[in-house]
Every structure is written in C-alpha cells, then in structure tokens.
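*Asks:* Dropping in final34.pdb, which is PDB, C-alpha atoms, pLDDT in the B column:
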ATOM      1  CA  MET Q   1      34.948  21.522   4.308  1.00 87.00           C
ATOM      2  CA  PHE Q   2      31.611  23.201   5.079  1.00 89.00           C
ATOM      3  CA  GLY Q   3      32.114  26.937   5.556  1.00 92.00           C
ATOM      4  CA  GLY Q   4      29.885  27.048   8.618  1.00 93.00           C
ATOM      5  CA  GLN Q   5      32.204  24.591  10.337  1.00 94.00           C
ATOM      6  CA  PHE Q   6      35.093  27.052  10.023  1.00 97.00           C
ATOM      7  CA  VAL Q   7      32.912  29.903  11.313  1.00 97.00           C
ATOM      8  CA  GLY Q   8      31.489  27.972  14.280  1.00 97.00           C
ATOM      9  CA  GLN Q   9      34.790  26.427  15.360  1.00 97.00           C
ATOM     10  CA  ALA Q  10      36.755  29.677  14.992  1.00 98.00           C
ATOM     11  CA  LEU Q  11      34.150  31.488  17.070  1.00 98.00           C
ATOM     12  CA  ALA Q  12      34.358  28.734  19.710  1.00 98.00           C
ATOM     13  CA  ALA Q  13      38.116  29.275  19.885  1.00 98.00           C
ATOM     14  CA  ALA Q  14      37.648  33.041  20.299  1.00 98.00           C
ATOM     15  CA  VAL Q  15      34.992  32.541  23.010  1.00 98.00           C
ATOM     16  CA  LYS Q  16      37.470  30.591  25.153  1.00 97.00           C
ATOM     17  CA  SER Q  17      39.764  33.628  25.329  1.00 97.00           C
ATOM     18  CA  VAL Q  18      37.275  36.240  26.655  1.00 97.00           C
ATOM     19  CA  GLU Q  19      35.458  36.755  29.949  1.00 95.00           C
ATOM     20  CA  PRO Q  20      32.195  34.750  30.215  1.00 93.00           C
ATOM     21  CA  SER Q  21      30.287  38.001  30.819  1.00 94.00           C
ATOM     22  CA  LEU Q  22      31.078  39.134  27.260  1.00 97.00           C
ATOM     23  CA  SER Q  23      28.998  37.848  24.335  1.00 97.00           C
ATOM     24  CA  VAL Q  24      29.890  37.959  20.643  1.00 98.00           C
ATOM     25  CA  HIS Q  25      27.892  40.676  18.878  1.00 97.00           C
ATOM     26  CA  SER Q  26      29.504  40.545  15.433  1.00 98.00           C
ATOM     27  CA  LEU Q  27      32.006  38.632  13.345  1.00 98.00           C
ATOM     28  CA  HIS Q  28      33.554  39.005   9.904  1.00 98.00           C
ATOM     29  CA  SER Q  29      35.360  36.205   8.118  1.00 98.00           C
ATOM     30  CA  TYR Q  30      37.107  35.274   4.860  1.00 98.00           C
ATOM     31  CA  PHE Q  31      37.599  31.839   3.337  1.00 97.00           C
ATOM     32  CA  LEU Q  32      41.120  31.924   1.902  1.00 97.00           C
ATOM     33  CA  TYR Q  33      41.481  28.358   0.614  1.00 95.00           C
ATOM     34  CA  VAL Q  34      39.211  25.335   0.324  1.00 93.00           C
ATOM     35  CA  GLY Q  35      39.414  23.344   3.553  1.00 93.00           C
ATOM     36  CA  ASP Q  36      40.094  19.606   3.634  1.00 92.00           C
ATOM     37  CA  PHE Q  37      37.679  17.874   6.043  1.00 86.00           C
ATOM     38  CA  SER Q  38      39.992  14.844   6.253  1.00 90.00           C
ATOM     39  CA  LEU Q  39      42.723  16.914   7.935  1.00 93.00           C
ATOM     40  CA  PRO Q  40      42.843  18.479  11.416  1.00 94.00           C
ATOM     41  CA  VAL Q  41      42.454  22.252  11.740  1.00 97.00           C
ATOM     42  CA  SER Q  42      44.424  24.403  14.174  1.00 98.00           C
ATOM     43  CA  TYR Q  43      42.896  27.695  15.339  1.00 98.00           C
ATOM     44  CA  LYS Q  44      45.243  30.459  16.434  1.00 98.00           C
ATOM     45  CA  VAL Q  45      43.629  33.241  18.521  1.00 98.00           C
ATOM     46  CA  GLU Q  46      45.152  36.714  18.695  1.00 98.00           C
ATOM     47  CA  LYS Q  47      43.969  39.182  21.344  1.00 98.00           C
ATOM     48  CA  ILE Q  48      43.379  42.529  19.621  1.00 98.00           C
ATOM     49  CA  ARG Q  49      41.541  44.467  22.344  1.00 97.00           C
ATOM     50  CA  ASP Q  50      40.321  44.068  25.931  1.00 97.00           C
ATOM     51  CA  SER Q  51      38.312  46.848  27.575  1.00 95.00           C
ATOM     52  CA  PRO Q  52      35.636  46.943  30.299  1.00 92.00           C
ATOM     53  CA  ALA Q  53      32.805  46.772  27.733  1.00 95.00           C
ATOM     54  CA  PHE Q  54      34.343  45.204  24.602  1.00 97.00           C
ATOM     55  CA  ALA Q  55      36.859  42.620  23.456  1.00 98.00           C
ATOM     56  CA  THR Q  56      38.147  41.840  19.963  1.00 98.00           C
ATOM     57  CA  ARG Q  57      39.765  38.641  18.733  1.00 98.00           C
ATOM     58  CA  ASN Q  58      41.336  37.587  15.450  1.00 98.00           C
ATOM     59  CA  VAL Q  59      41.273  33.849  14.701  1.00 98.00           C
ATOM     60  CA  THR Q  60      43.220  32.089  11.964  1.00 98.00           C
ATOM     61  CA  ALA Q  61      42.489  28.530  10.851  1.00 98.00           C
ATOM     62  CA  ILE Q  62      45.570  26.594   9.703  1.00 98.00           C
ATOM     63  CA  GLN Q  63      45.874  23.335   7.747  1.00 97.00           C
ATOM     64  CA  ARG Q  64      49.256  21.878   6.739  1.00 94.00           C
ATOM     65  CA  GLY Q  65      50.921  25.104   7.827  1.00 95.00           C
ATOM     66  CA  ARG Q  66      48.758  27.255   5.518  1.00 96.00           C
ATOM     67  CA  LYS Q  67      46.212  29.868   6.589  1.00 98.00           C
ATOM     68  CA  VAL Q  68      42.898  28.747   5.090  1.00 98.00           C
ATOM     69  CA  PHE Q  69      40.379  30.916   6.982  1.00 98.00           C
ATOM     70  CA  THR Q  70      40.366  34.053   9.098  1.00 98.00           C
ATOM     71  CA  LEU Q  71      37.753  35.514  11.464  1.00 98.00           C
ATOM     72  CA  LEU Q  72      37.532  38.790  13.381  1.00 98.00           C
ATOM     73  CA  ALA Q  73      35.027  38.726  16.270  1.00 98.00           C
ATOM     74  CA  SER Q  74      33.875  41.489  18.606  1.00 98.00           C
ATOM     75  CA  PHE Q  75      32.426  40.808  22.072  1.00 98.00           C
ATOM     76  CA  GLN Q  76      30.336  43.135  24.245  1.00 97.00           C
ATOM     77  CA  ARG Q  77      29.031  43.232  27.787  1.00 94.00           C
ATOM     78  CA  GLN Q  78      25.233  43.101  27.484  1.00 88.00           C
ATOM     79  CA  GLU Q  79      23.226  46.176  28.482  1.00 87.00           C
ATOM     80  CA  GLU Q  80      19.699  47.545  28.143  1.00 86.00           C
ATOM     81  CA  SER Q  81      18.894  49.870  25.229  1.00 88.00           C
ATOM     82  CA  ILE Q  82      16.167  50.929  22.802  1.00 90.00           C
ATOM     83  CA  THR Q  83      14.862  48.091  20.649  1.00 92.00           C
ATOM     84  CA  TYR Q  84      12.895  47.632  17.415  1.00 92.00           C
ATOM     85  CA  GLN Q  85      12.875  45.226  14.483  1.00 94.00           C
ATOM     86  CA  ASP Q  86      11.216  44.263  11.209  1.00 92.00           C
ATOM     87  CA  PRO Q  87       8.236  41.891  11.569  1.00 93.00           C
ATOM     88  CA  MET Q  88       8.723  38.153  11.205  1.00 95.00           C
ATOM     89  CA  PRO Q  89       7.506  36.743   7.846  1.00 94.00           C
ATOM     90  CA  ASP Q  90       4.382  34.592   7.800  1.00 95.00           C
ATOM     91  CA  THR Q  91       5.385  30.943   7.311  1.00 96.00           C
ATOM     92  CA  PRO Q  92       3.980  27.467   8.100  1.00 95.00           C
ATOM     93  CA  ASP Q  93       4.592  25.995  11.544  1.00 96.00           C
ATOM     94  CA  PRO Q  94       7.747  23.807  11.487  1.00 96.00           C
ATOM     95  CA  THR Q  95       5.880  20.834  12.996  1.00 94.00           C
ATOM     96  CA  ARG Q  96       3.679  20.745   9.872  1.00 95.00           C
ATOM     97  CA  LEU Q  97       6.662  20.523   7.504  1.00 95.00           C
ATOM     98  CA  ARG Q  98       8.649  17.471   6.477  1.00 90.00           C
ATOM     99  CA  SER Q  99      12.347  17.359   7.356  1.00 89.00           C
ATOM    100  CA  LEU Q 100      14.862  17.850   4.560  1.00 83.00           C
ATOM    101  CA  GLU Q 101      16.265  14.358   5.169  1.00 80.00           C
ATOM    102  CA  ARG Q 102      12.830  12.702   4.806  1.00 81.00           C
ATOM    103  CA  THR Q 103      12.142  14.733   1.666  1.00 77.00           C
ATOM    104  CA  MET Q 104      15.388  13.579   0.067  1.00 75.00           C
ATOM    105  CA  LEU Q 105      14.835   9.950   1.052  1.00 74.00           C
ATOM    106  CA  SER Q 106      11.394  10.001  -0.577  1.00 71.00           C
ATOM    107  CA  GLN Q 107      12.952  11.122  -3.879  1.00 71.00           C
ATOM    108  CA  LEU Q 108      15.711   8.494  -4.104  1.00 71.00           C
ATOM    109  CA  GLY Q 109      13.620   5.933  -5.961  1.00 71.00           C
ATOM    110  CA  ASP Q 110      11.564   8.286  -8.106  1.00 74.00           C
ATOM    111  CA  PRO Q 111      12.415   7.582 -11.785  1.00 76.00           C
ATOM    112  CA  ARG Q 112      11.072  11.008 -12.790  1.00 75.00           C
ATOM    113  CA  ILE Q 113      14.092  12.629 -11.132  1.00 73.00           C
ATOM    114  CA  PRO Q 114      17.337  12.570 -13.197  1.00 72.00           C
ATOM    115  CA  MET Q 115      19.742   9.801 -12.145  1.00 74.00           C
ATOM    116  CA  LYS Q 116      22.598  12.228 -11.446  1.00 70.00           C
ATOM    117  CA  MET Q 117      20.422  14.162  -8.986  1.00 70.00           C
ATOM    118  CA  ARG Q 118      19.306  10.950  -7.291  1.00 72.00           C
ATOM    119  CA  GLU Q 119      22.934   9.897  -6.923  1.00 73.00           C
ATOM    120  CA  ASN Q 120      23.684  13.197  -5.202  1.00 68.00           C
ATOM    121  CA  LEU Q 121      20.664  12.790  -2.947  1.00 67.00           C
ATOM    122  CA  ALA Q 122      21.731   9.251  -2.017  1.00 68.00           C
ATOM    123  CA  VAL Q 123      24.895  10.555  -0.370  1.00 65.00           C
ATOM    124  CA  TYR Q 124      23.103  13.024   1.905  1.00 60.00           C
ATOM    125  CA  PRO Q 125      21.141  10.667   4.235  1.00 52.00           C
ATOM    126  CA  MET Q 126      24.327   8.736   5.016  1.00 48.00           C
ATOM    127  CA  LYS Q 127      25.901  11.810   6.571  1.00 57.00           C
ATOM    128  CA  VAL Q 128      25.340  12.488  10.253  1.00 63.00           C
ATOM    129  CA  HIS Q 129      23.918  15.998  10.190  1.00 78.00           C
ATOM    130  CA  PRO Q 130      23.380  17.873  13.475  1.00 89.00           C
ATOM    131  CA  LEU Q 131      20.542  20.086  12.211  1.00 93.00           C
ATOM    132  CA  ASP Q 132      16.864  19.386  11.642  1.00 94.00           C
ATOM    133  CA  VAL Q 133      16.075  21.520   8.568  1.00 93.00           C
ATOM    134  CA  ARG Q 134      12.558  22.063   7.172  1.00 95.00           C
ATOM    135  CA  LEU Q 135      12.031  24.059   3.991  1.00 94.00           C
ATOM    136  CA  CYS Q 136       8.944  26.274   3.702  1.00 95.00           C
ATOM    137  CA  GLU Q 137       9.166  26.543  -0.103  1.00 89.00           C
ATOM    138  CA  PRO Q 138      11.008  23.436  -1.384  1.00 83.00           C
ATOM    139  CA  ASN Q 139      11.664  23.111  -5.093  1.00 76.00           C
ATOM    140  CA  ASN Q 140      10.061  20.294  -7.064  1.00 71.00           C
ATOM    141  CA  HIS Q 141      12.873  18.091  -8.356  1.00 67.00           C
ATOM    142  CA  ILE Q 142      10.434  16.196 -10.601  1.00 66.00           C
ATOM    143  CA  SER Q 143       9.476  19.339 -12.508  1.00 70.00           C
ATOM    144  CA  PRO Q 144      12.045  21.939 -11.429  1.00 74.00           C
ATOM    145  CA  ARG Q 145      11.296  25.546 -12.231  1.00 81.00           C
ATOM    146  CA  ASN Q 146      12.977  28.882 -11.811  1.00 87.00           C
ATOM    147  CA  LEU Q 147      12.166  30.513  -8.474  1.00 87.00           C
ATOM    148  CA  GLU Q 148      12.725  33.825  -6.726  1.00 92.00           C
ATOM    149  CA  PRO Q 149      16.182  34.124  -5.097  1.00 93.00           C
ATOM    150  CA  SER Q 150      14.762  33.854  -1.588  1.00 95.00           C
ATOM    151  CA  GLN Q 151      13.516  31.178   0.770  1.00 95.00           C
ATOM    152  CA  ASN Q 152      12.407  30.524   4.331  1.00 97.00           C
ATOM    153  CA  LEU Q 153      13.371  27.499   6.364  1.00 96.00           C
ATOM    154  CA  TRP Q 154      13.087  26.324   9.948  1.00 97.00           C
ATOM    155  CA  LEU Q 155      16.067  24.760  11.673  1.00 97.00           C
ATOM    156  CA  ARG Q 156      17.222  23.618  15.086  1.00 97.00           C
ATOM    157  CA  CYS Q 157      19.921  21.446  16.572  1.00 96.00           C
ATOM    158  CA  LYS Q 158      18.752  17.832  16.850  1.00 94.00           C
ATOM    159  CA  GLU Q 159      20.287  17.416  20.323  1.00 93.00           C
ATOM    160  CA  ARG Q 160      19.461  19.405  23.440  1.00 96.00           C
ATOM    161  CA  LEU Q 161      22.297  21.758  24.335  1.00 97.00           C
ATOM    162  CA  PRO Q 162      23.556  22.942  27.747  1.00 97.00           C
ATOM    163  CA  ASP Q 163      22.312  26.321  28.931  1.00 95.00           C
ATOM    164  CA  ASP Q 164      25.421  28.080  27.631  1.00 96.00           C
ATOM    165  CA  GLN Q 165      24.692  31.103  25.432  1.00 96.00           C
ATOM    166  CA  ALA Q 166      28.230  31.100  24.019  1.00 97.00           C
ATOM    167  CA  LEU Q 167      27.723  27.528  22.784  1.00 97.00           C
ATOM    168  CA  HIS Q 168      24.318  28.369  21.269  1.00 97.00           C
ATOM    169  CA  ARG Q 169      25.841  31.278  19.348  1.00 98.00           C
ATOM    170  CA  CYS Q 170      28.621  29.046  18.025  1.00 98.00           C
ATOM    171  CA  VAL Q 171      26.057  26.489  16.814  1.00 97.00           C
ATOM    172  CA  VAL Q 172      23.987  29.225  15.157  1.00 97.00           C
ATOM    173  CA  ALA Q 173      27.169  30.521  13.509  1.00 97.00           C
ATOM    174  CA  TYR Q 174      27.681  27.028  12.082  1.00 96.00           C
ATOM    175  CA  ALA Q 175      24.066  26.909  10.874  1.00 95.00           C
ATOM    176  CA  SER Q 176      24.131  30.411   9.367  1.00 94.00           C
ATOM    177  CA  ASP Q 177      25.997  29.252   6.254  1.00 91.00           C
ATOM    178  CA  TRP Q 178      23.326  26.626   5.543  1.00 86.00           C
ATOM    179  CA  MET Q 179      21.419  27.065   2.218  1.00 87.00           C
ATOM    180  CA  PHE Q 180      23.070  30.415   1.437  1.00 88.00           C
ATOM    181  CA  VAL Q 181      24.713  29.539  -1.861  1.00 85.00           C
ATOM    182  CA  GLN Q 182      21.724  27.399  -2.899  1.00 86.00           C
ATOM    183  CA  THR Q 183      19.516  30.502  -2.656  1.00 92.00           C
ATOM    184  CA  VAL Q 184      21.628  32.222  -5.331  1.00 90.00           C
ATOM    185  CA  LEU Q 185      20.837  29.378  -7.768  1.00 87.00           C
ATOM    186  CA  ARG Q 186      17.063  29.326  -7.309  1.00 90.00           C
ATOM    187  CA  PRO Q 187      16.380  31.575 -10.356  1.00 89.00           C
ATOM    188  CA  TYR Q 188      18.086  28.881 -12.489  1.00 85.00           C
ATOM    189  CA  GLU Q 189      16.682  25.719 -10.851  1.00 77.00           C
ATOM    190  CA  GLY Q 190      14.726  24.865 -14.011  1.00 70.00           C
ATOM    191  CA  ASP Q 191      17.731  25.112 -16.342  1.00 73.00           C
ATOM    192  CA  ARG Q 192      19.745  21.898 -16.117  1.00 64.00           C
ATOM    193  CA  ARG Q 193      22.348  23.325 -18.512  1.00 68.00           C
ATOM    194  CA  VAL Q 194      23.718  25.674 -15.842  1.00 70.00           C
ATOM    195  CA  LYS Q 195      27.058  24.384 -14.511  1.00 73.00           C
ATOM    196  CA  TYR Q 196      28.356  25.597 -11.193  1.00 75.00           C
ATOM    197  CA  ARG Q 197      30.676  24.995  -8.264  1.00 78.00           C
ATOM    198  CA  LEU Q 198      29.572  26.315  -4.887  1.00 82.00           C
ATOM    199  CA  LEU Q 199      31.773  27.761  -2.145  1.00 86.00           C
ATOM    200  CA  SER Q 200      31.739  30.573   0.391  1.00 90.00           C
ATOM    201  CA  LEU Q 201      34.029  33.589  -0.018  1.00 94.00           C
ATOM    202  CA  ASP Q 202      33.238  35.712   3.030  1.00 96.00           C
ATOM    203  CA  HIS Q 203      30.698  35.673   5.847  1.00 97.00           C
ATOM    204  CA  SER Q 204      29.583  38.267   8.399  1.00 98.00           C
ATOM    205  CA  MET Q 205      27.133  38.043  11.301  1.00 98.00           C
ATOM    206  CA  TRP Q 206      25.503  40.425  13.791  1.00 98.00           C
ATOM    207  CA  PHE Q 207      23.881  39.038  16.947  1.00 97.00           C
ATOM    208  CA  HIS Q 208      21.011  41.090  18.389  1.00 95.00           C
ATOM    209  CA  LYS Q 209      19.870  39.046  21.406  1.00 93.00           C
ATOM    210  CA  ASP Q 210      20.295  35.692  23.121  1.00 95.00           C
ATOM    211  CA  ILE Q 211      19.346  32.818  20.858  1.00 96.00           C
ATOM    212  CA  LYS Q 212      18.535  29.137  21.424  1.00 97.00           C
ATOM    213  CA  ALA Q 213      20.007  26.856  18.754  1.00 98.00           C
ATOM    214  CA  ASP Q 214      18.099  23.780  19.994  1.00 97.00           C
ATOM    215  CA  GLU Q 215      14.699  25.484  19.570  1.00 98.00           C
ATOM    216  CA  TRP Q 216      13.021  26.216  16.234  1.00 98.00           C
ATOM    217  CA  LEU Q 217      14.496  29.218  14.420  1.00 98.00           C
ATOM    218  CA  LEU Q 218      13.077  30.670  11.219  1.00 98.00           C
ATOM    219  CA  PHE Q 219      15.872  31.459   8.752  1.00 97.00           C
ATOM    220  CA  GLN Q 220      14.765  34.069   6.198  1.00 97.00           C
ATOM    221  CA  ILE Q 221      17.228  34.144   3.280  1.00 97.00           C
ATOM    222  CA  THR Q 222      17.288  36.533   0.315  1.00 96.00           C
ATOM    223  CA  SER Q 223      19.769  37.186  -2.488  1.00 96.00           C
ATOM    224  CA  PRO Q 224      19.383  40.737  -3.854  1.00 96.00           C
ATOM    225  CA  ARG Q 225      22.195  40.476  -6.410  1.00 95.00           C
ATOM    226  CA  ALA Q 226      24.318  37.979  -8.361  1.00 92.00           C
ATOM    227  CA  SER Q 227      26.957  38.838 -10.961  1.00 92.00           C
ATOM    228  CA  GLU Q 228      30.551  38.041 -11.974  1.00 92.00           C
ATOM    229  CA  SER Q 229      30.287  34.534 -10.483  1.00 88.00           C
ATOM    230  CA  ARG Q 230      29.417  35.908  -7.035  1.00 92.00           C
ATOM    231  CA  GLY Q 231      26.127  36.175  -5.179  1.00 93.00           C
ATOM    232  CA  LEU Q 232      25.232  38.387  -2.234  1.00 96.00           C
ATOM    233  CA  VAL Q 233      23.024  36.617   0.307  1.00 96.00           C
ATOM    234  CA  ILE Q 234      21.393  38.117   3.424  1.00 96.00           C
ATOM    235  CA  GLY Q 235      19.748  36.145   6.222  1.00 96.00           C
ATOM    236  CA  HIS Q 236      17.777  36.822   9.400  1.00 97.00           C
ATOM    237  CA  MET Q 237      16.895  34.341  12.142  1.00 97.00           C
ATOM    238  CA  TYR Q 238      13.730  34.651  14.245  1.00 97.00           C
ATOM    239  CA  ASN Q 239      12.648  32.608  17.244  1.00 97.00           C
ATOM    240  CA  GLN Q 240       9.082  31.305  17.410  1.00 95.00           C
ATOM    241  CA  SER Q 241       8.069  34.411  19.370  1.00 95.00           C
ATOM    242  CA  GLY Q 242       8.995  36.516  16.335  1.00 95.00           C
ATOM    243  CA  GLU Q 243      12.133  38.088  17.827  1.00 95.00           C
ATOM    244  CA  VAL Q 244      15.146  38.654  15.585  1.00 94.00           C
ATOM    245  CA  GLY Q 245      18.215  36.869  16.980  1.00 93.00           C
ATOM    246  CA  LEU Q 246      20.645  37.700  14.163  1.00 87.00           C
TER     247      LEU Q 246
END
Do you think you could lay out the structure here as structure tokens?
*Replies:*
Amino acid sequence: MFGGQFVGQALAAAVKSVEPSLSVHSLHSYFLYVGDFSLPVSYKVEKIRDSPAFATRNVTAIQRGRKVFTLLASFQRQEESITYQDPMPDTPDPTRLRSLERTMLSQLGDPRIPMKMRENLAVYPMKVHPLDVRLCEPNNHISPRNLEPSQNLWLRCKERLPDDQALHRCVVAYASDWMFVQTVLRPYEGDRRVKYRLLSLDHSMWFHKDIKADEWLLFQITSPRASESRGLVIGHMYNQSGEVGL
C-alpha cells in the first residue's frame, strides 16, 4: 500500500475531529507494517489536546486487528506573523514538460530498454493515478547513468477539487510521499546490479500556508544522506508564484 495513502487518509480522519477554523500545521508518522491494499483500513482517532489556538490528534491505522501505521497531527488557528523563505529553484514551466504517464508509454516498445524494465513500465499506465506528474530532470532509461540524489518535479491533482483547504492539505499529504525513495536511488541508476526493495519508514510534514493541490506545485526533493539501508529525503513544495507551501 502506497505510504502517501496512509498519510493522506489518516490526516483526513484527524481533520474530521477538529474545528473547521483549525488547520493542520505539522504531522509526524511511522509505518509499522507493510499495508495490504486489498484489505480495508480502519482509522482510530484519539484526541490528545484541544485549546483555543491548537489541537492535537493521534491516528492509528488498523488492518486485520493489527496497528500498521500511526500519525500524530497538530492543528493551529491561523494568524498573521513575520514571513520569509528560501527562493524557488529555477525550473522549466510544467506546460512544456511531458507527463510521466506519456513518458512511460513512449518507452514500452523501445527494444533498447531492458525487458524487465519495460514489463514494470507496462503495469503503470493501467493504474488510475490521481496525480499529473512531470519530471524536470528525468533519467534516460535507454542509457541510464548515475545522477545527483535530487530532483524537481511538477505535480497537481488531475481533477478540480472543492474549495476546502483541509481537503487540499490531505491531497498534498498523499502526494508528498511521491518520488521520495526513488530520489535515494538516483546515484545508482546506471548500475543495474544494485538490488533493492523500496518502502517508507517514517514521514513528517510542516505546512506553512494555504496550498492548492489542483494547481501546479513544484516539488523540490533532495537526499543529503543514505547509509545502513536507509535514506533521508527532504522536500519542499512551491506554488507557481514561488511561495513555499510545505
């Protein structure tokens, strides 16, 4: 089960238990066991704190009676304050980039790409994916090479969403786990001998302002360290005006 699905759904459960005037500002989560996407998931919400300015919720995801995921989320009443941020990186406009789905479809029949990779690619277009993802620095599967452990991509929800900031933050929480573990592997893209299994261990987020998940967001991803079979990955999302959303 995709890690972002746990994060987004658990946050949605927490949102339903707080006042609408409070918005999530941070969350911290752990993936305890691999989730089974063929089974239903129950989310249990525990109220930790309710105050005039803040609320805290603990959410546990349960499958077959076992706790498989846990999330702690903090909500805050919005207020004015000082503001500053790092500048947005310079990247191509998303409308000039090809979608990830179209890129993969174009590679299915290319004999220069190893058969095993083409078989993996063939599965992807059959899945109904809610995000339009466009890579700024895609790897070349014909002649793969080792790359820096960082990448930029544009993404947005394919469908228009209601004007509900809580919903937009839940969708962005889902999207935030996208391409994280793949970034860790970029320095070894050119070495086909490397064997790996990818999964998320823990995931934290900090929201800095309102964000629109159905408008283009630039996702800047970097991995400063990998060792002992774990990789640390950090991401920032900017809107097209250059404002940091998370």
*Asks:* Written as a ChimeraX atom specification, which residues does the PyMOL selection byres ((chain Q and resi 41) around 9) give for the file shown?
*Replies:* /Q:6,35-37,39-40,42-43,61-64
*Asks:* Restricting the calculation to all atoms listed in the file: of Q:Ala175, Q:Ile211, Q:Met115, Q:Ile82, which residue gets closest to Val24 (chain Q)?
*Replies:*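 Going through Q:Ala175, Q:Ile211, Q:Met115, Q:Ile82 one by one, the smallest distance to Val24 (chain Q) is for Q:Ile211.
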*Asks:* Of the candidates Q:Val45, Q:Leu71, Q:Val184, Q:Leu22, which one gets nearest to Ser204 (chain Q) if we count only C-alpha atoms?
*Replies:*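 Counting only C-alpha atoms, the residue closest to Ser204 (chain Q) is Q:Leu71.
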*Asks:* With distances taken over all atoms listed in the file, which residue among Q:Tyr196, Q:Arg230, Q:Asn146, Q:Ser23 lies nearest Gln78 (chain Q)?
*Replies:*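 Looking only at the distances to Gln78 (chain Q), the closest residue turns out to be Q:Ser23.
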*Asks:* Nearest to Gln151 (chain Q) among Q:Met117, Q:Val233, Q:Ala14, Q:Ala53, with distances taken over all atoms listed in the file: which residue is it?
*Replies:* Q:Val233
*Asks:* Going by the chain IDs and residue numbers used in this file, which residues fall under the PyMOL selection byres ((chain Q and resi 137) around 9)? Write them as a list in words.
*Replies:*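 Taken on the displayed file, the PyMOL selection byres ((chain Q and resi 137) around 9) yields the residues Leu135, Cys136, Pro138, Asn139, Gln151, Asn152 and Leu153 of chain Q.
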*Asks:* Measuring between only C-alpha atoms, which one of Q:His28, Q:Lys47, Q:Arg96, Q:Lys212 shows the shortest distance to Leu161 (chain Q)?
*Replies:*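 For Leu161 (chain Q), the nearest of the candidates is Q:Lys212.
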*Asks:* Calculate how many Å separate CA of Asp90 (chain Q) from CA of His203 (chain Q), rounding to one decimal.
*Replies:*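 We find that CA of Asp90 (chain Q) and CA of His203 (chain Q) lie 26.4 Å from each other.
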*Asks:* One decimal, in Å: what's the spacing between CA of Pro20 (chain Q) and CA of Gly8 (chain Q)?
*Replies:* 17.3 Å
*Asks:* Of the residues Q:Tyr84, Q:Leu72, Q:His236, Q:Phe31, which is the one nearest to Gln5 (chain Q), using all atoms listed in the file?
*Replies:* Q:Phe31
*Asks:* Report as a PyMOL selection string the residues that result from applying the PyMOL selection byres ((chain Q and resi 166-168) around 9) to the structure here.
*Replies:* chain Q and resi 12+15+20+23-24+161-165+169-173+210-214
*Asks:* Between CA of Val68 (chain Q) and CA of Met205 (chain Q), measure the distance and give it in Å to one decimal.
*Replies:*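 Going from CA of Val68 (chain Q) over to CA of Met205 (chain Q) covers 19.3 Å.
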